[in-house]
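What follows is one structure encoded as structure tokens, with my remarks underneath.
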Amino acid sequence: MTMTNPDPRIFLRPYVRATYLTENADGRQETLFVSLAGLRAWAALHNMPLRTAMSSLLEQHIWPERFRRNFGLVAAQNLARRLQSSVLVLGCGGLGGHVAELLARSGVGCIRLVDNDVFDESNLNRQRFCTENVLGQPKVRVVRDALADIASHVEAEALEMLADSSNLSCLVAGMDVALDCLDNIGAKTALERAAIAAGVPFVHGSVLREEGFCYASSGPQARLEELYPHGQSESELEHARREGVGALAPASVACLMVKLALRAIQRRTASSALYHLDLSVPEMERFDWAEKA
């Protein structure tokens with residue numbers, strides 16, 4: 001041991017909040033759970049980002065205390081993969097706010113947020129980070145700041161802009177998965193095509209009234225045109241934006257989207273099953289695209 005490269009188990013001993021002993025093929029394994037203060041000290045010592053420090057320590061059976069309740073549910077190597085992953089969240093409203101929070105709490109290390117809208121009073125019934133104090137403020141900035149408070153290891157990038165065919169290829173570049181939290185079919189379809197062209201797994205989500213759709217795909221075929229074969233006219237879009245959407249459907253569909261996104265991060269690919277959630281029943285249906293073709 002040297003002063004410049006100390007043993008992490010010795011250095012982090014004052015910050016250990018719990019110790020678990022488990023049995024494996026090699027015998028008994030001791031796993032340490034370390035506080036955020038300890039992780040920050042270790043990251044500063046090695047001049048590395050916090051999420052990188054967390055990821056590297058997992059390889060040595062040293063877990064962040066914040067993920068202790070994930071132990072036994074997520075393998076260390078999969079959590080490390082999440083911490084080093086980058087995810088695009090396009091749209092920061094009803095779906096996007098819930099999606100961004102769940103990604104951050106699940107360990108995703110880099111989140112690119114894109115939206116050009118501000119919060120208004122009609123968002124208060126369902127959008128995760130809309131409060132009376134942030135009315136009139138840009139959604140991406142509010143969500144970015146909220147994520148910093150939830151998970152300081154997350155590198156959240158807030159892009160206050162309209163996503164369209166001219167910039168989607170740049171937005172999906174370098175991402176491990178792209179999540180569609182948009183509210184119009186044309187933009188959703190364009191995002192799916194851009195993601196497939198870039199080889200980035202795509203996760204679609206949509207809600208209306210008490211229903212929602214969700215699916216993940218790695219291509220090569222774009223699927224949204226099958227789900228919405230007639231597209232969406234301007235009048236239909238305006239009508240959809242006047243339809244009722246409660247608090248439950250966006251939160252529920254967001255959970256499914258994040259589950260599919262985490263699978264895509266782990267496997268670097270995505271299945272293309274379609275899920276339909278109807279909370280008025282409630283029930284969830286799963287469809288195979290091959291059967292619908």
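In the structure tokens, the first chain shown is A, the next is B, and so on; residue numbers restart at 1 for each chain, and ligands run from 1 in the order shown.
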With only C-alpha atoms as the counted atoms, please give the residues lying no more than 8 Å from A:Tyr215, apart from itself and same-chain residues fewer than 2 positions off, as a VMD selection string.
chain A and resid 203 to 205 213 217 257 260 272 to 275
Take the residues from that selection and write them out as a tab-separated table (two decimals), in the first residue's frame, keeping N, CA and C atoms.
```tsv
chain	number	residue	atom	x	y	z
A	203	VAL	N	-36.74	2.90	-27.27
A	203	VAL	CA	-37.86	2.54	-26.40
A	203	VAL	C	-38.97	3.56	-26.61
A	204	HIS	N	-40.12	3.08	-27.04
A	204	HIS	CA	-41.28	3.93	-27.30
A	204	HIS	C	-42.24	3.90	-26.12
A	205	GLY	N	-42.82	5.07	-25.82
A	205	GLY	CA	-43.88	5.14	-24.83
A	205	GLY	C	-44.92	6.15	-25.25
A	213	PHE	N	-49.03	2.61	-24.40
A	213	PHE	CA	-48.28	1.62	-25.17
A	213	PHE	C	-46.80	1.76	-24.86
A	217	SER	N	-37.01	-1.71	-29.22
A	217	SER	CA	-36.57	-2.33	-30.45
A	217	SER	C	-35.13	-1.94	-30.78
A	257	MET	N	-41.09	1.45	-19.52
A	257	MET	CA	-40.06	1.97	-20.41
A	257	MET	C	-38.67	1.83	-19.81
A	260	LEU	N	-37.44	-1.78	-19.77
A	260	LEU	CA	-36.96	-2.17	-21.10
A	260	LEU	C	-35.63	-1.51	-21.43
A	272	SER	N	-38.61	-6.81	-29.22
A	272	SER	CA	-39.56	-5.86	-29.81
A	272	SER	C	-41.01	-6.19	-29.45
A	273	ALA	N	-41.23	-6.79	-28.29
A	273	ALA	CA	-42.59	-7.04	-27.86
A	273	ALA	C	-43.30	-5.72	-27.58
A	274	LEU	N	-44.59	-5.68	-27.87
A	274	LEU	CA	-45.41	-4.50	-27.63
A	274	LEU	C	-46.28	-4.73	-26.40
A	275	TYR	N	-46.28	-3.76	-25.50
A	275	TYR	CA	-47.08	-3.85	-24.28
A	275	TYR	C	-48.19	-2.80	-24.32
```
DSSP on the backbone: which residues in stretch 113-202 of chain A end up as alpha helix (DSSP H)? Give the answer as a CSV table (one decimal) with N, CA, C and O atoms, in the first residue's frame.
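Result file selection06.csv:
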```csv
chain,number,residue,atom,x,y,z
A,139,LYS,N,-38.6,22.9,-18.7
A,139,LYS,CA,-38.7,21.5,-18.1
A,139,LYS,C,-37.3,20.9,-18.0
A,139,LYS,O,-37.0,20.3,-17.0
A,140,VAL,N,-36.5,21.0,-19.0
A,140,VAL,CA,-35.2,20.4,-19.0
A,140,VAL,C,-34.3,20.9,-17.8
A,140,VAL,O,-33.6,20.1,-17.2
A,141,ARG,N,-34.4,22.2,-17.5
A,141,ARG,CA,-33.6,22.7,-16.5
A,141,ARG,C,-34.1,22.2,-15.1
A,141,ARG,O,-33.3,21.9,-14.2
A,142,VAL,N,-35.4,22.2,-15.0
A,142,VAL,CA,-36.0,21.8,-13.7
A,142,VAL,C,-35.6,20.3,-13.4
A,142,VAL,O,-35.2,19.9,-12.3
A,143,VAL,N,-35.8,19.5,-14.5
A,143,VAL,CA,-35.5,18.0,-14.3
A,143,VAL,C,-34.0,17.8,-14.1
A,143,VAL,O,-33.7,17.0,-13.2
A,144,ARG,N,-33.2,18.5,-14.8
A,144,ARG,CA,-31.7,18.4,-14.6
A,144,ARG,C,-31.4,18.7,-13.1
A,144,ARG,O,-30.6,18.0,-12.4
A,145,ASP,N,-31.9,19.8,-12.6
A,145,ASP,CA,-31.6,20.2,-11.2
A,145,ASP,C,-32.1,19.2,-10.2
A,145,ASP,O,-31.5,19.0,-9.2
A,146,ALA,N,-33.3,18.7,-10.5
A,146,ALA,CA,-33.9,17.7,-9.6
A,146,ALA,C,-33.0,16.4,-9.6
A,146,ALA,O,-32.8,15.8,-8.5
A,147,LEU,N,-32.5,16.0,-10.7
A,147,LEU,CA,-31.7,14.8,-10.8
A,147,LEU,C,-30.4,15.0,-10.0
A,147,LEU,O,-29.9,14.1,-9.3
A,148,ALA,N,-29.9,16.2,-10.0
A,148,ALA,CA,-28.6,16.5,-9.3
A,148,ALA,C,-28.9,16.3,-7.8
A,148,ALA,O,-27.9,15.9,-7.1
A,149,ASP,N,-30.1,16.6,-7.4
A,149,ASP,CA,-30.4,16.5,-5.9
A,149,ASP,C,-30.7,15.1,-5.6
A,149,ASP,O,-30.4,14.6,-4.4
A,150,ILE,N,-31.2,14.3,-6.5
A,150,ILE,CA,-31.5,12.9,-6.3
A,150,ILE,C,-30.2,12.0,-6.3
A,150,ILE,O,-30.0,11.1,-5.5
A,168,LEU,N,-31.8,15.1,-34.9
A,168,LEU,CA,-32.0,13.8,-34.1
A,168,LEU,C,-30.7,12.9,-34.2
A,168,LEU,O,-30.4,12.2,-33.3
A,169,SER,N,-30.1,12.9,-35.4
A,169,SER,CA,-28.9,12.0,-35.5
A,169,SER,C,-27.8,12.4,-34.5
A,169,SER,O,-27.1,11.5,-34.0
A,170,CYS,N,-27.7,13.7,-34.3
A,170,CYS,CA,-26.7,14.1,-33.3
A,170,CYS,C,-27.1,13.8,-31.9
A,170,CYS,O,-26.3,13.5,-31.1
A,171,LEU,N,-28.4,13.9,-31.6
A,171,LEU,CA,-28.9,13.7,-30.3
A,171,LEU,C,-28.8,12.2,-29.9
A,171,LEU,O,-28.5,11.9,-28.7
A,172,VAL,N,-28.9,11.3,-30.8
A,172,VAL,CA,-28.8,9.9,-30.5
A,172,VAL,C,-27.4,9.3,-30.5
A,172,VAL,O,-27.1,8.3,-30.0
A,185,ILE,N,-46.8,12.0,-33.0
A,185,ILE,CA,-46.4,10.8,-33.7
A,185,ILE,C,-45.3,11.1,-34.7
A,185,ILE,O,-44.4,10.2,-34.9
A,186,GLY,N,-45.3,12.2,-35.4
A,186,GLY,CA,-44.3,12.5,-36.3
A,186,GLY,C,-42.9,12.6,-35.7
A,186,GLY,O,-42.0,12.0,-36.3
A,187,ALA,N,-42.8,13.2,-34.5
A,187,ALA,CA,-41.5,13.3,-33.9
A,187,ALA,C,-41.1,11.9,-33.4
A,187,ALA,O,-39.9,11.6,-33.4
A,188,LYS,N,-42.0,11.1,-32.9
A,188,LYS,CA,-41.7,9.8,-32.4
A,188,LYS,C,-41.2,8.9,-33.5
A,188,LYS,O,-40.2,8.2,-33.3
A,189,THR,N,-41.8,9.0,-34.7
A,189,THR,CA,-41.4,8.2,-35.8
A,189,THR,C,-40.0,8.6,-36.3
A,189,THR,O,-39.1,7.7,-36.6
A,190,ALA,N,-39.7,9.9,-36.3
A,190,ALA,CA,-38.4,10.4,-36.7
A,190,ALA,C,-37.3,9.9,-35.7
A,190,ALA,O,-36.2,9.6,-36.1
A,191,LEU,N,-37.6,9.9,-34.4
A,191,LEU,CA,-36.7,9.5,-33.4
A,191,LEU,C,-36.4,8.0,-33.6
A,191,LEU,O,-35.2,7.6,-33.5
A,192,GLU,N,-37.4,7.2,-33.8
A,192,GLU,CA,-37.2,5.8,-34.0
A,192,GLU,C,-36.2,5.5,-35.2
A,192,GLU,O,-35.3,4.7,-35.1
A,193,ARG,N,-36.5,6.2,-36.3
A,193,ARG,CA,-35.7,6.0,-37.5
A,193,ARG,C,-34.2,6.4,-37.2
A,193,ARG,O,-33.3,5.8,-37.7
A,194,ALA,N,-34.0,7.5,-36.5
A,194,ALA,CA,-32.7,8.0,-36.2
A,194,ALA,C,-31.9,7.0,-35.3
A,194,ALA,O,-30.8,6.8,-35.5
A,195,ALA,N,-32.7,6.5,-34.3
A,195,ALA,CA,-32.0,5.6,-33.4
A,195,ALA,C,-31.6,4.3,-34.1
A,195,ALA,O,-30.5,3.8,-34.0
A,196,ILE,N,-32.5,3.7,-35.0
A,196,ILE,CA,-32.2,2.5,-35.7
A,196,ILE,C,-31.0,2.8,-36.6
A,196,ILE,O,-30.1,1.9,-36.8
A,197,ALA,N,-31.0,3.9,-37.3
A,197,ALA,CA,-29.9,4.2,-38.2
A,197,ALA,C,-28.6,4.3,-37.5
A,197,ALA,O,-27.5,4.0,-38.0
A,198,ALA,N,-28.6,4.7,-36.2
A,198,ALA,CA,-27.4,4.9,-35.4
A,198,ALA,C,-27.0,3.6,-34.7
A,198,ALA,O,-26.0,3.5,-34.0
```
For the contact check between stretch 97-200 of chain A and stretch 78-84 of chain A, emit one row per residue of stretch 97-200 of chain A within 6 Å, containing the shortest atom pair and the distance in Å rounded to one decimal, counting only C-alpha atoms, chain then rising number order, as a tab-separated table.
```
residue	atom	partner	partner_atom	distance
A:Gly107	CA	A:Leu83	CA	5.4
A:Val108	CA	A:Arg82	CA	4.6
A:Gly109	CA	A:Leu83	CA	4.2
```
Kindly save the residues from that selection, with N, CA and C atoms included, as a PDB file, in the first residue's frame.
```
ATOM      1  N   GLY A 107     -29.376   3.830 -11.387  1.00  0.00           N
ATOM      2  CA  GLY A 107     -27.932   3.778 -11.553  1.00  0.00           C
ATOM      3  C   GLY A 107     -27.396   4.243 -12.884  1.00  0.00           C
ATOM      4  N   VAL A 108     -28.248   4.680 -13.801  1.00  0.00           N
ATOM      5  CA  VAL A 108     -27.748   5.182 -15.087  1.00  0.00           C
ATOM      6  C   VAL A 108     -26.882   6.410 -14.837  1.00  0.00           C
ATOM      7  N   GLY A 109     -25.694   6.440 -15.454  1.00  0.00           N
ATOM      8  CA  GLY A 109     -24.715   7.467 -15.109  1.00  0.00           C
ATOM      9  C   GLY A 109     -24.793   8.753 -15.886  1.00  0.00           C
TER      10      GLY A 109
END
```
I'd like the contact shell of stretch 20-25 of chain A - 10 Å cut-off, only C-alpha atoms, skipping same-chain residues fewer than 5 positions apart - returned as a PyMOL selection string.
chain A and resi 30-33+68+71
Output C-alpha atoms of each residue in that selection to a file, as a short mmCIF file (atom, residue, chain, number, x, y, z; two decimals), in the first residue's frame.
```
data_model
loop_
_atom_site.label_atom_id
_atom_site.label_comp_id
_atom_site.auth_asym_id
_atom_site.auth_seq_id
_atom_site.Cartn_x
_atom_site.Cartn_y
_atom_site.Cartn_z
CA GLU A 30 -17.56 -9.80 2.08
CA THR A 31 -19.34 -6.89 0.43
CA LEU A 32 -18.99 -3.38 1.85
CA PHE A 33 -21.58 -0.63 1.47
CA ARG A 68 -27.70 -1.45 -0.91
CA PHE A 71 -28.10 -5.96 -3.72
#
```
If you count only C-alpha atoms, which residues fall within 8 Å of A:Pro201, apart from same-chain ones fewer than 3 positions away, as a PyMOL selection string?
chain A and resi 176-178+195-196+216-219+264+268-270
Any chance you could tabulate, as JSON lines, the residues of stretch 148-202 of chain A at most 9 Å from stretch 237-256 of chain A with each one's nearest atom pair and distance in Å to one decimal, using only C-alpha atoms, in chain and rising number order?
```
{"residue": "A:Cys181", "atom": "CA", "partner": "A:Ala254", "partner_atom": "CA", "distance": 8.7}
{"residue": "A:Asp183", "atom": "CA", "partner": "A:Arg241", "partner_atom": "CA", "distance": 8.1}
{"residue": "A:Asn184", "atom": "CA", "partner": "A:Leu237", "partner_atom": "CA", "distance": 6.5}
{"residue": "A:Ile185", "atom": "CA", "partner": "A:Leu237", "partner_atom": "CA", "distance": 8.3}
```
For A:Gln60, list every protein, DNA or RNA residue within 9 Å, evaluated using only C-alpha atoms, and leave out those in the same chain fewer than 4 positions away; present the list as a list in words.
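Everything that qualifies: Pro8, Arg9, Thr31 and Ser56 of chain A.
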Would you output that residue set with N, CA, C and O atoms, as an mmCIF file, in the first residue's frame?
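In the end it all went to selection34.cif:
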```cif
data_model
loop_
_atom_site.group_PDB
_atom_site.id
_atom_site.type_symbol
_atom_site.label_atom_id
_atom_site.label_comp_id
_atom_site.auth_asym_id
_atom_site.auth_seq_id
_atom_site.Cartn_x
_atom_site.Cartn_y
_atom_site.Cartn_z
ATOM 1 N N PRO A 8 -8.525 0.371 -1.114
ATOM 2 C CA PRO A 8 -9.832 1.015 -0.920
ATOM 3 C C PRO A 8 -10.563 0.544 0.326
ATOM 4 O O PRO A 8 -11.285 1.325 0.957
ATOM 5 N N ARG A 9 -10.376 -0.712 0.707
ATOM 6 C CA ARG A 9 -11.066 -1.223 1.894
ATOM 7 C C ARG A 9 -10.531 -0.582 3.173
ATOM 8 O O ARG A 9 -11.273 -0.430 4.144
ATOM 9 N N THR A 31 -18.990 -8.067 1.220
ATOM 10 C CA THR A 31 -19.337 -6.888 0.430
ATOM 11 C C THR A 31 -19.544 -5.702 1.358
ATOM 12 O O THR A 31 -20.289 -5.793 2.340
ATOM 13 N N SER A 56 -15.882 1.429 -10.600
ATOM 14 C CA SER A 56 -14.643 0.685 -10.378
ATOM 15 C C SER A 56 -14.641 -0.027 -9.030
ATOM 16 O O SER A 56 -14.113 -1.139 -8.896
#
```
Leaving out A:Ala41 and any residue of its chain fewer than 6 positions from it, which residues lie within 10 Å of it when counting only C-alpha atoms, given as a PyMOL selection string?
chain A and resi 11-12+15+47+50+53
File of the preceding selection, N, CA and C atoms, as a short mmCIF file (atom, residue, chain, number, x, y, z; two decimals), in the first residue's frame:
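As a result, out08.cif now contains:
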```
data_model
loop_
_atom_site.label_atom_id
_atom_site.label_comp_id
_atom_site.auth_asym_id
_atom_site.auth_seq_id
_atom_site.Cartn_x
_atom_site.Cartn_y
_atom_site.Cartn_z
N PHE A 11 -8.95 2.57 3.11
CA PHE A 11 -9.28 3.99 2.97
C PHE A 11 -10.75 4.25 3.32
N LEU A 12 -11.63 3.36 2.87
CA LEU A 12 -13.07 3.59 3.01
C LEU A 12 -13.65 3.04 4.31
N TYR A 15 -16.13 4.95 6.31
CA TYR A 15 -17.37 5.29 5.61
C TYR A 15 -18.28 4.08 5.40
N ASN A 47 -9.00 11.66 -8.71
CA ASN A 47 -9.33 12.65 -9.74
C ASN A 47 -10.19 12.04 -10.85
N LEU A 50 -17.46 10.84 -10.11
CA LEU A 50 -18.04 10.03 -9.05
C LEU A 50 -18.59 8.72 -9.60
N ALA A 53 -15.80 6.26 -10.21
CA ALA A 53 -15.33 5.70 -8.95
C ALA A 53 -16.27 4.62 -8.43
#
```
Determine the nearest neighbour of A:Val87 from the options A:Val207, A:Val99, A:Met54, A:Met175, counting only C-alpha atoms.
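Looking at the shortest contact to A:Val87, the residue is A:Met175.
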Shell of 10 Å around stretch 115-121 of chain A, only C-alpha atoms, local chain residues under 4 positions omitted, as a short mmCIF file (atom, residue, chain, number, x, y, z; two decimals) with N, CA, C and O atoms, in the first residue's frame:
```cif
data_model
loop_
_atom_site.label_atom_id
_atom_site.label_comp_id
_atom_site.auth_asym_id
_atom_site.auth_seq_id
_atom_site.Cartn_x
_atom_site.Cartn_y
_atom_site.Cartn_z
N VAL A 89 -33.24 10.94 -23.16
CA VAL A 89 -34.65 11.07 -22.80
C VAL A 89 -35.19 12.26 -23.58
O VAL A 89 -34.89 13.41 -23.26
N LEU A 90 -35.98 11.96 -24.58
CA LEU A 90 -36.50 13.01 -25.46
C LEU A 90 -37.93 13.33 -25.04
O LEU A 90 -38.86 12.54 -25.26
N GLY A 91 -38.09 14.47 -24.39
CA GLY A 91 -39.36 14.87 -23.80
C GLY A 91 -39.27 14.76 -22.29
O GLY A 91 -38.93 13.70 -21.77
N CYS A 92 -39.56 15.84 -21.57
CA CYS A 92 -39.40 15.87 -20.11
C CYS A 92 -40.70 16.17 -19.40
O CYS A 92 -40.71 16.77 -18.33
N GLY A 93 -41.81 15.77 -20.00
CA GLY A 93 -43.12 16.03 -19.40
C GLY A 93 -43.65 14.85 -18.62
O GLY A 93 -43.00 14.32 -17.72
N GLY A 96 -41.48 11.71 -19.53
CA GLY A 96 -40.06 11.98 -19.40
C GLY A 96 -39.59 12.26 -17.99
O GLY A 96 -38.49 11.84 -17.60
N ASN A 125 -51.11 17.92 -12.68
CA ASN A 125 -51.84 16.70 -12.32
C ASN A 125 -51.04 15.42 -12.58
O ASN A 125 -51.41 14.36 -12.09
N GLN A 127 -47.19 15.47 -14.13
CA GLN A 127 -45.78 15.54 -14.51
C GLN A 127 -44.91 15.60 -13.26
O GLN A 127 -45.04 16.49 -12.42
N PHE A 129 -41.98 16.43 -12.05
CA PHE A 129 -41.23 17.53 -11.45
C PHE A 129 -41.94 18.88 -11.60
O PHE A 129 -41.33 19.92 -11.32
N CYS A 130 -43.20 18.85 -11.99
CA CYS A 130 -43.97 20.09 -12.06
C CYS A 130 -44.55 20.41 -10.68
O CYS A 130 -45.30 19.63 -10.11
N THR A 131 -44.15 21.56 -10.15
CA THR A 131 -44.71 22.06 -8.90
C THR A 131 -45.13 23.51 -9.12
O THR A 131 -44.79 24.13 -10.13
N GLU A 132 -45.85 24.06 -8.17
CA GLU A 132 -46.29 25.44 -8.31
C GLU A 132 -45.10 26.40 -8.35
O GLU A 132 -45.18 27.48 -8.94
N ASN A 133 -44.00 26.00 -7.74
CA ASN A 133 -42.83 26.88 -7.69
C ASN A 133 -42.05 26.95 -9.00
O ASN A 133 -41.22 27.85 -9.17
N VAL A 134 -42.28 26.00 -9.91
CA VAL A 134 -41.49 25.98 -11.16
C VAL A 134 -42.32 26.32 -12.39
O VAL A 134 -41.85 26.17 -13.51
N LEU A 135 -43.55 26.78 -12.19
CA LEU A 135 -44.38 27.14 -13.34
C LEU A 135 -43.70 28.22 -14.16
O LEU A 135 -43.17 29.20 -13.62
N GLY A 136 -43.67 28.02 -15.48
CA GLY A 136 -43.01 28.95 -16.39
C GLY A 136 -41.54 28.68 -16.62
O GLY A 136 -40.92 29.31 -17.46
N GLN A 137 -40.97 27.73 -15.89
CA GLN A 137 -39.56 27.41 -16.05
C GLN A 137 -39.37 26.27 -17.06
O GLN A 137 -40.23 25.40 -17.19
N PRO A 138 -38.25 26.27 -17.77
CA PRO A 138 -37.99 25.20 -18.75
C PRO A 138 -37.95 23.83 -18.09
O PRO A 138 -37.29 23.64 -17.06
N LYS A 139 -38.63 22.88 -18.70
CA LYS A 139 -38.70 21.55 -18.12
C LYS A 139 -37.32 20.90 -18.00
O LYS A 139 -37.02 20.25 -16.99
N VAL A 140 -36.48 21.04 -19.04
CA VAL A 140 -35.18 20.36 -18.98
C VAL A 140 -34.32 20.86 -17.83
O VAL A 140 -33.61 20.09 -17.19
N ARG A 141 -34.38 22.15 -17.54
CA ARG A 141 -33.56 22.69 -16.46
C ARG A 141 -34.07 22.22 -15.10
O ARG A 141 -33.29 21.88 -14.20
N VAL A 142 -35.40 22.20 -14.96
CA VAL A 142 -35.98 21.76 -13.69
C VAL A 142 -35.65 20.29 -13.44
O VAL A 142 -35.24 19.90 -12.33
N ALA A 158 -28.81 19.05 -20.10
CA ALA A 158 -30.11 19.64 -20.39
C ALA A 158 -30.03 20.44 -21.68
O ALA A 158 -29.33 21.46 -21.75
N LEU A 159 -30.75 20.00 -22.70
CA LEU A 159 -30.76 20.67 -24.00
C LEU A 159 -32.15 21.24 -24.24
O LEU A 159 -33.11 20.50 -24.49
N GLU A 160 -32.25 22.54 -24.12
CA GLU A 160 -33.54 23.22 -24.31
C GLU A 160 -33.69 23.53 -25.80
O GLU A 160 -33.28 24.57 -26.29
N MET A 161 -34.28 22.59 -26.53
CA MET A 161 -34.35 22.71 -27.98
C MET A 161 -35.46 21.84 -28.53
O MET A 161 -35.93 20.91 -27.88
N LEU A 162 -35.88 22.14 -29.74
CA LEU A 162 -36.86 21.33 -30.45
C LEU A 162 -36.13 20.25 -31.21
O LEU A 162 -35.23 20.54 -32.02
N ALA A 163 -36.46 19.02 -30.97
CA ALA A 163 -35.83 17.91 -31.69
C ALA A 163 -36.59 17.66 -32.99
O ALA A 163 -37.81 17.54 -32.99
N CYS A 181 -40.26 9.96 -25.19
CA CYS A 181 -41.25 10.49 -24.26
C CYS A 181 -41.94 11.70 -24.88
O CYS A 181 -42.34 12.63 -24.17
N LEU A 182 -42.07 11.69 -26.18
CA LEU A 182 -42.66 12.79 -26.93
C LEU A 182 -44.17 12.68 -26.96
O LEU A 182 -44.75 11.66 -26.57
#
```
